[in-house]
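Since the structure comes first, as structure tokens, the remarks are kept for the end.
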Amino acid sequence: MKNTEKLKNLLTLEIIPDLQDAIDEMFSMIEKAKMASIADKEELGELQEMYRECKDIVKEIEEDDMSEDEAKELLDELIDAKSI
């Protein structure tokens with residue numbers, strides 16, 4: 001399997017759904033509290049930015065705009081980050 005395929009699978013099957021769940025949880029928590037602290041807003045913003053970046057990477061892969069070397073580098077970084 002090519003690195004781009006591995007990266008796309010990791011993003012679409014694990015990371016993006018996990019980010020979406022975390023974003024949904026933050027919205028739910030904020031809704032229940034009827035307000036959001038500055039820290040909550042910052043965390044939500046960071047989650048949304050990561051989500052957008054992941055979606056952009058998937059789009060780049062689908063449009064064949066990503067090299068296998070770049071995909072391998074990103075894949076390694078994401079795997080390292082998940083294992084922390």
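Residues in the structure tokens are named by chain (A, B, ... in the order shown) and by number from 1 within that chain; ligands are numbered from 1 in the order shown.
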
Mind the document's chain letters and residue numbers, and return as a ChimeraX atom specification the residues of chain A that DSSP labels helix (DSSP H, G or I).
-> /A:3-33,38-62,68-82

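Minimum distance to Glu49 (chain A) across A:Ile23, A:Ser83, A:Leu10, A:Glu31 (counting only C-alpha atoms) occurs at A:Ile23.
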
Could you name the residues that touch Gln20 (chain A) at 8 Å or less, counting only C-alpha atoms, but leaving out those on the same chain fewer than 4 positions away, as a PDB file with C-alpha atoms, in the first residue's frame?
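After the write, part.pdb holds the following:
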```pdb
ATOM      1  CA  ILE A  16     -10.898  12.958  11.384  1.00  0.00           C
ATOM      2  CA  ASP A  24     -18.994  17.731  19.064  1.00  0.00           C
ATOM      3  CA  TYR A  51      -9.897  19.105  11.435  1.00  0.00           C
TER       4      TYR A  51
END
```

12 Å contact set for Glu5 (chain A), only C-alpha atoms, chain neighbours under 3 positions out, as a ChimeraX atom specification | /A:1-2,8-13,57-58,60-62,64,66-68,71-72,75

Option closest in space to Met50 (chain A), from A:Glu63, A:Asp69, A:Leu19, A:Ala33 [counting only C-alpha atoms] | A:Leu19

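Between Lys41 (chain A) and the candidates A:Met29, A:Leu7, A:Leu74, A:Ile15, the tightest atom-to-atom separation, counting only C-alpha atoms, involves A:Met29.
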